[in-house]
Amino acid sequence: SASASASALPALQRELRKAPRTPHSSRAMRHAAARETRMRSSMGPEYDAVVEKILNPPPLFGSPEEATDTALKALGVVFTSFIGTFFLAPQFSSTLKEEERWSDIYETLTNQGIKEISANEASQKAGKGAFLLDVRMENKFSEKSLPNSVNIPLYRPIQLTNPVAILRALAFAFFGVSNSERTPQWLETVESRIPKNKPVYIVCNSGGSLENKPGTKFGFESQSLKALHFLRKAGYQNVIHVKEGIRQIKI
């Protein structure tokens, strides 16, 4: 084929260069000449163009202007990474931290133990003296939600209302963290809508788990497990974790 022939061209050119150029052609010259004739016949007009590219390859970065532009862009990336690593990171890394670390929440929940319920059962019991609390963001809730659930998002998108918030969002983006923050007065909102003496079933997108698998040390972090911990600290006694996440449920 044409591609196979093209791949053989470099070896052929080397062989032609090595072959003795005397009036009495050697066997290598004859073989090389015969192979060149066959390749020229099979490739047709493409042969000369391919040979030219092999012997005179184009510049790696195109024209000198394109090479300069590529170099400047590369320097810009290096400079931005340097500034982010040595100036932004130390100043704003603290903004990425939660009030409580997941490892501490995991230890507390593991020591206390948690109750779990299936999504279908929680949905059936909701509205009958119990509350099904969905802590995902509003846009996720509007796309897909369990029947009889109440949405009070634990997190919200970072509000770019001032320079500090903008820098915070940039810091999150630099570290590859989701651009979100704890919803202000989340606990107060929950207390205003859900009595503390009622069962509360908490669901989020992923579900999460306190069980460890090979390679994990602190289970699988989730918003529903965090919310369960926060509500317990606030005095809610009957808080139950929905073990499936919404993304795992067919509704």
# chains A, B, ... in the order shown; residues from 1 in each chain; ligands from 1
$ residues_around --residues "A:Ser118" --least-positions-apart "3" --cutoff "10 Å" --atoms "only C-alpha atoms" --output "list in words"
Glu121, Ala122, Ser123, Tyr201, Val203, His241, Val242, Lys243, Glu244 and Gly245 of chain A
$ residues_around --residues "stretch 147-157 of chain A" --least-positions-apart "3" --cutoff "9 Å" --atoms "only C-alpha atoms" --output "ChimeraX atom specification"
/A:123-127,131-138,141,160,178-184,186-187,189-190,223-224,226-227,251
$ write_last_selection --atoms "N, CA and C atoms" --output "short mmCIF file (atom, residue, chain, number, x, y, z; two decimals), in the first residue's frame"
data_model
loop_
_atom_site.label_atom_id
_atom_site.label_comp_id
_atom_site.auth_asym_id
_atom_site.auth_seq_id
_atom_site.Cartn_x
_atom_site.Cartn_y
_atom_site.Cartn_z
N SER A 123 -38.30 8.02 50.30
CA SER A 123 -39.28 8.80 49.53
C SER A 123 -40.71 8.47 49.94
N GLN A 124 -40.95 7.21 50.26
CA GLN A 124 -42.29 6.80 50.68
C GLN A 124 -42.64 7.35 52.05
N LYS A 125 -41.66 7.43 52.94
CA LYS A 125 -41.92 7.91 54.30
C LYS A 125 -41.97 9.43 54.39
N ALA A 126 -41.34 10.10 53.40
CA ALA A 126 -41.33 11.56 53.41
C ALA A 126 -42.75 12.09 53.27
N GLY A 127 -43.05 13.13 54.04
CA GLY A 127 -44.40 13.70 54.02
C GLY A 127 -45.34 13.06 55.00
N PHE A 131 -39.00 13.95 56.93
CA PHE A 131 -38.53 14.88 55.90
C PHE A 131 -37.41 14.24 55.10
N LEU A 132 -37.47 14.37 53.79
CA LEU A 132 -36.40 13.91 52.90
C LEU A 132 -35.65 15.15 52.42
N LEU A 133 -34.45 15.33 52.94
CA LEU A 133 -33.65 16.53 52.68
C LEU A 133 -32.62 16.27 51.59
N ASP A 134 -32.75 16.98 50.49
CA ASP A 134 -31.80 16.90 49.37
C ASP A 134 -30.85 18.09 49.49
N VAL A 135 -29.54 17.82 49.68
CA VAL A 135 -28.59 18.90 49.95
C VAL A 135 -27.78 19.30 48.71
N ARG A 136 -28.19 18.85 47.54
CA ARG A 136 -27.48 19.23 46.31
C ARG A 136 -27.81 20.66 45.91
N MET A 137 -27.03 21.19 44.95
CA MET A 137 -27.30 22.52 44.44
C MET A 137 -28.63 22.56 43.70
N GLU A 138 -29.21 23.75 43.60
CA GLU A 138 -30.54 23.91 43.04
C GLU A 138 -30.64 23.40 41.61
N PHE A 141 -30.94 19.70 41.61
CA PHE A 141 -32.24 19.30 42.15
C PHE A 141 -33.34 19.45 41.09
N LEU A 160 -19.33 35.79 42.87
CA LEU A 160 -18.24 36.70 42.46
C LEU A 160 -18.68 38.14 42.65
N SER A 178 -13.74 22.00 42.86
CA SER A 178 -15.04 22.48 42.40
C SER A 178 -15.29 23.90 42.89
N ASN A 179 -15.80 24.73 42.01
CA ASN A 179 -16.01 26.15 42.29
C ASN A 179 -17.28 26.34 43.12
N SER A 180 -17.21 25.97 44.39
CA SER A 180 -18.38 26.07 45.27
C SER A 180 -17.94 26.43 46.67
N GLU A 181 -18.89 26.88 47.48
CA GLU A 181 -18.63 27.26 48.86
C GLU A 181 -19.84 26.88 49.71
N ARG A 182 -19.61 26.76 51.00
CA ARG A 182 -20.71 26.44 51.91
C ARG A 182 -21.78 27.53 51.84
N THR A 183 -23.03 27.11 51.82
CA THR A 183 -24.13 28.06 51.78
C THR A 183 -24.23 28.77 53.13
N PRO A 184 -24.19 30.11 53.14
CA PRO A 184 -24.32 30.83 54.41
C PRO A 184 -25.66 30.53 55.08
N TRP A 186 -26.85 27.94 56.24
CA TRP A 186 -27.51 26.69 55.84
C TRP A 186 -28.23 26.04 57.01
N LEU A 187 -27.56 25.94 58.13
CA LEU A 187 -28.15 25.29 59.29
C LEU A 187 -29.39 26.05 59.77
N THR A 189 -31.39 27.79 57.97
CA THR A 189 -32.47 27.53 57.02
C THR A 189 -33.12 26.18 57.28
N VAL A 190 -32.27 25.17 57.55
CA VAL A 190 -32.81 23.84 57.85
C VAL A 190 -33.67 23.90 59.12
N GLN A 223 -21.62 14.98 50.44
CA GLN A 223 -22.32 16.09 51.07
C GLN A 223 -23.38 15.59 52.04
N SER A 224 -24.02 14.46 51.73
CA SER A 224 -25.07 13.95 52.64
C SER A 224 -24.48 13.51 53.97
N LYS A 226 -21.71 14.72 55.33
CA LYS A 226 -21.35 15.95 56.03
C LYS A 226 -22.58 16.60 56.65
N ALA A 227 -23.66 16.69 55.87
CA ALA A 227 -24.88 17.30 56.38
C ALA A 227 -25.42 16.54 57.58
N ILE A 251 -35.25 7.40 38.36
CA ILE A 251 -36.46 8.09 38.80
C ILE A 251 -37.39 8.28 37.61
#
$ atom_distance --atom1 "atom CA of A:Ala119" --atom2 "atom CA of A:Tyr106"
21.9 Å
$ residues_around --residues "A:Arg247" --least-positions-apart "4" --cutoff "9 Å" --atoms "only C-alpha atoms" --output "compact mmCIF listing (two decimals) with N, CA, C and O atoms, in the first residue's frame"
# COMPACT_ATOMS: atom_id res chain seq x y z
N LYS A 144 -33.24 16.52 38.48
CA LYS A 144 -33.64 15.18 38.92
C LYS A 144 -33.73 15.16 40.44
O LYS A 144 -32.80 15.59 41.12
N CYS A 204 -27.81 13.06 48.69
CA CYS A 204 -27.01 13.96 47.84
C CYS A 204 -26.78 13.27 46.50
O CYS A 204 -27.46 12.30 46.16
N ASN A 205 -25.81 13.74 45.76
CA ASN A 205 -25.60 13.20 44.42
C ASN A 205 -24.88 11.86 44.42
O ASN A 205 -25.22 10.96 43.66
N SER A 206 -23.89 11.72 45.30
CA SER A 206 -23.05 10.52 45.27
C SER A 206 -23.37 9.50 46.35
O SER A 206 -23.05 8.32 46.21
N GLY A 207 -23.99 9.94 47.44
CA GLY A 207 -24.29 9.02 48.53
C GLY A 207 -23.17 8.92 49.54
O GLY A 207 -23.34 9.19 50.71
$ closest_residue --among "A:Leu210, A:Tyr236, A:Ser222, A:Lys217" --to "A:Thr108" --atoms "only C-alpha atoms"
A:Leu210
$ atom_distance --atom1 "atom CA of A:Leu109" --atom2 "atom CA of A:Ile249"
24.4 Å
$ atom_distance --atom1 "atom CA of A:Arg101" --atom2 "atom CA of A:Leu231"
16.1 Å
$ select_by_dssp --residues "stretch 90-241 of chain A" --states "strand (DSSP E or B)" --output "VMD selection string"
chain A and resid 115 to 117 126 130 to 134 149 to 151 155 to 157 180 to 182 200 to 203 209 220 239 to 241
$ write_last_selection --atoms "N, CA, C and O atoms" --output "mmCIF file, in the first residue's frame"
data_model
loop_
_atom_site.group_PDB
_atom_site.id
_atom_site.type_symbol
_atom_site.label_atom_id
_atom_site.label_comp_id
_atom_site.auth_asym_id
_atom_site.auth_seq_id
_atom_site.Cartn_x
_atom_site.Cartn_y
_atom_site.Cartn_z
ATOM 1 N N LYS A 115 -27.367 5.460 60.828
ATOM 2 C CA LYS A 115 -28.451 4.663 60.276
ATOM 3 C C LYS A 115 -28.580 4.977 58.794
ATOM 4 O O LYS A 115 -28.373 6.111 58.375
ATOM 5 N N GLU A 116 -28.945 3.949 58.015
ATOM 6 C CA GLU A 116 -29.108 4.161 56.582
ATOM 7 C C GLU A 116 -30.450 3.620 56.113
ATOM 8 O O GLU A 116 -31.051 2.749 56.749
ATOM 9 N N ILE A 117 -30.907 4.154 54.992
ATOM 10 C CA ILE A 117 -32.197 3.790 54.426
ATOM 11 C C ILE A 117 -32.088 3.855 52.902
ATOM 12 O O ILE A 117 -31.254 4.597 52.372
ATOM 13 N N ALA A 126 -41.345 10.102 53.400
ATOM 14 C CA ALA A 126 -41.327 11.562 53.413
ATOM 15 C C ALA A 126 -42.753 12.093 53.271
ATOM 16 O O ALA A 126 -43.551 11.586 52.498
ATOM 17 N N ALA A 130 -42.065 12.632 58.327
ATOM 18 C CA ALA A 130 -40.615 12.629 58.142
ATOM 19 C C ALA A 130 -40.260 13.569 56.992
ATOM 20 O O ALA A 130 -41.113 13.927 56.180
ATOM 21 N N PHE A 131 -39.002 13.951 56.932
ATOM 22 C CA PHE A 131 -38.534 14.881 55.897
ATOM 23 C C PHE A 131 -37.407 14.238 55.102
ATOM 24 O O PHE A 131 -36.496 13.621 55.677
ATOM 25 N N LEU A 132 -37.470 14.371 53.793
ATOM 26 C CA LEU A 132 -36.404 13.913 52.898
ATOM 27 C C LEU A 132 -35.652 15.145 52.421
ATOM 28 O O LEU A 132 -36.146 15.935 51.619
ATOM 29 N N LEU A 133 -34.445 15.335 52.938
ATOM 30 C CA LEU A 133 -33.652 16.533 52.681
ATOM 31 C C LEU A 133 -32.615 16.268 51.594
ATOM 32 O O LEU A 133 -31.721 15.437 51.767
ATOM 33 N N ASP A 134 -32.748 16.976 50.490
ATOM 34 C CA ASP A 134 -31.796 16.897 49.374
ATOM 35 C C ASP A 134 -30.853 18.086 49.489
ATOM 36 O O ASP A 134 -31.278 19.239 49.406
ATOM 37 N N SER A 149 -39.211 15.333 48.275
ATOM 38 C CA SER A 149 -37.969 15.817 48.876
ATOM 39 C C SER A 149 -37.955 17.335 48.979
ATOM 40 O O SER A 149 -38.626 18.042 48.229
ATOM 41 N N VAL A 150 -37.176 17.823 49.932
ATOM 42 C CA VAL A 150 -36.996 19.253 50.170
ATOM 43 C C VAL A 150 -35.555 19.607 49.844
ATOM 44 O O VAL A 150 -34.627 18.922 50.290
ATOM 45 N N ASN A 151 -35.355 20.660 49.061
ATOM 46 C CA ASN A 151 -34.000 21.038 48.656
ATOM 47 C C ASN A 151 -33.491 22.223 49.470
ATOM 48 O O ASN A 151 -34.023 23.325 49.400
ATOM 49 N N TYR A 155 -24.072 23.442 49.618
ATOM 50 C CA TYR A 155 -23.086 24.261 48.919
ATOM 51 C C TYR A 155 -23.774 25.086 47.826
ATOM 52 O O TYR A 155 -24.869 24.750 47.375
ATOM 53 N N ARG A 156 -23.115 26.136 47.414
ATOM 54 C CA ARG A 156 -23.596 26.982 46.322
ATOM 55 C C ARG A 156 -22.391 27.410 45.484
ATOM 56 O O ARG A 156 -21.250 27.367 45.972
ATOM 57 N N PRO A 157 -22.612 27.850 44.235
ATOM 58 C CA PRO A 157 -21.486 28.384 43.453
ATOM 59 C C PRO A 157 -20.903 29.612 44.147
ATOM 60 O O PRO A 157 -21.637 30.377 44.768
ATOM 61 N N SER A 180 -17.208 25.970 44.386
ATOM 62 C CA SER A 180 -18.377 26.073 45.266
ATOM 63 C C SER A 180 -17.940 26.435 46.672
ATOM 64 O O SER A 180 -16.768 26.314 47.028
ATOM 65 N N GLU A 181 -18.893 26.876 47.477
ATOM 66 C CA GLU A 181 -18.634 27.256 48.857
ATOM 67 C C GLU A 181 -19.836 26.878 49.712
ATOM 68 O O GLU A 181 -20.947 26.687 49.195
ATOM 69 N N ARG A 182 -19.613 26.756 51.004
ATOM 70 C CA ARG A 182 -20.712 26.438 51.913
ATOM 71 C C ARG A 182 -21.776 27.526 51.836
ATOM 72 O O ARG A 182 -21.470 28.714 51.815
ATOM 73 N N VAL A 200 -35.237 12.791 59.731
ATOM 74 C CA VAL A 200 -34.711 13.492 58.561
ATOM 75 C C VAL A 200 -33.852 12.510 57.759
ATOM 76 O O VAL A 200 -32.864 11.972 58.267
ATOM 77 N N TYR A 201 -34.250 12.282 56.508
ATOM 78 C CA TYR A 201 -33.481 11.441 55.601
ATOM 79 C C TYR A 201 -32.692 12.365 54.670
ATOM 80 O O TYR A 201 -33.261 13.243 54.024
ATOM 81 N N ILE A 202 -31.377 12.145 54.582
ATOM 82 C CA ILE A 202 -30.517 13.070 53.838
ATOM 83 C C ILE A 202 -29.950 12.378 52.603
ATOM 84 O O ILE A 202 -29.384 11.289 52.686
ATOM 85 N N VAL A 203 -30.104 13.049 51.463
ATOM 86 C CA VAL A 203 -29.625 12.495 50.196
ATOM 87 C C VAL A 203 -28.799 13.541 49.456
ATOM 88 O O VAL A 203 -29.019 14.750 49.606
ATOM 89 N N SER A 209 -19.929 6.877 51.611
ATOM 90 C CA SER A 209 -19.926 5.692 52.457
ATOM 91 C C SER A 209 -18.827 5.803 53.500
ATOM 92 O O SER A 209 -17.796 6.448 53.276
ATOM 93 N N PHE A 220 -15.753 7.222 51.714
ATOM 94 C CA PHE A 220 -15.991 8.017 50.512
ATOM 95 C C PHE A 220 -16.794 9.255 50.904
ATOM 96 O O PHE A 220 -17.964 9.170 51.291
ATOM 97 N N VAL A 239 -31.437 11.480 62.482
ATOM 98 C CA VAL A 239 -30.953 11.813 61.139
ATOM 99 C C VAL A 239 -30.458 10.531 60.478
ATOM 100 O O VAL A 239 -29.618 9.827 61.044
ATOM 101 N N ILE A 240 -30.977 10.231 59.295
ATOM 102 C CA ILE A 240 -30.713 8.953 58.631
ATOM 103 C C ILE A 240 -30.138 9.213 57.241
ATOM 104 O O ILE A 240 -30.618 10.076 56.509
ATOM 105 N N HIS A 241 -29.135 8.458 56.900
ATOM 106 C CA HIS A 241 -28.421 8.636 55.629
ATOM 107 C C HIS A 241 -29.051 7.785 54.525
ATOM 108 O O HIS A 241 -29.261 6.587 54.698
#
$ closest_residue --among "A:Ile246, A:Ile158, A:Ile194, A:Ile105" --to "A:Gly219" --atoms "only C-alpha atoms"
A:Ile105
$ closest_residue --among "A:Lys73, A:Lys140, A:Lys250, A:Arg232" --to "A:Pro199" --atoms "only C-alpha atoms"
A:Arg232
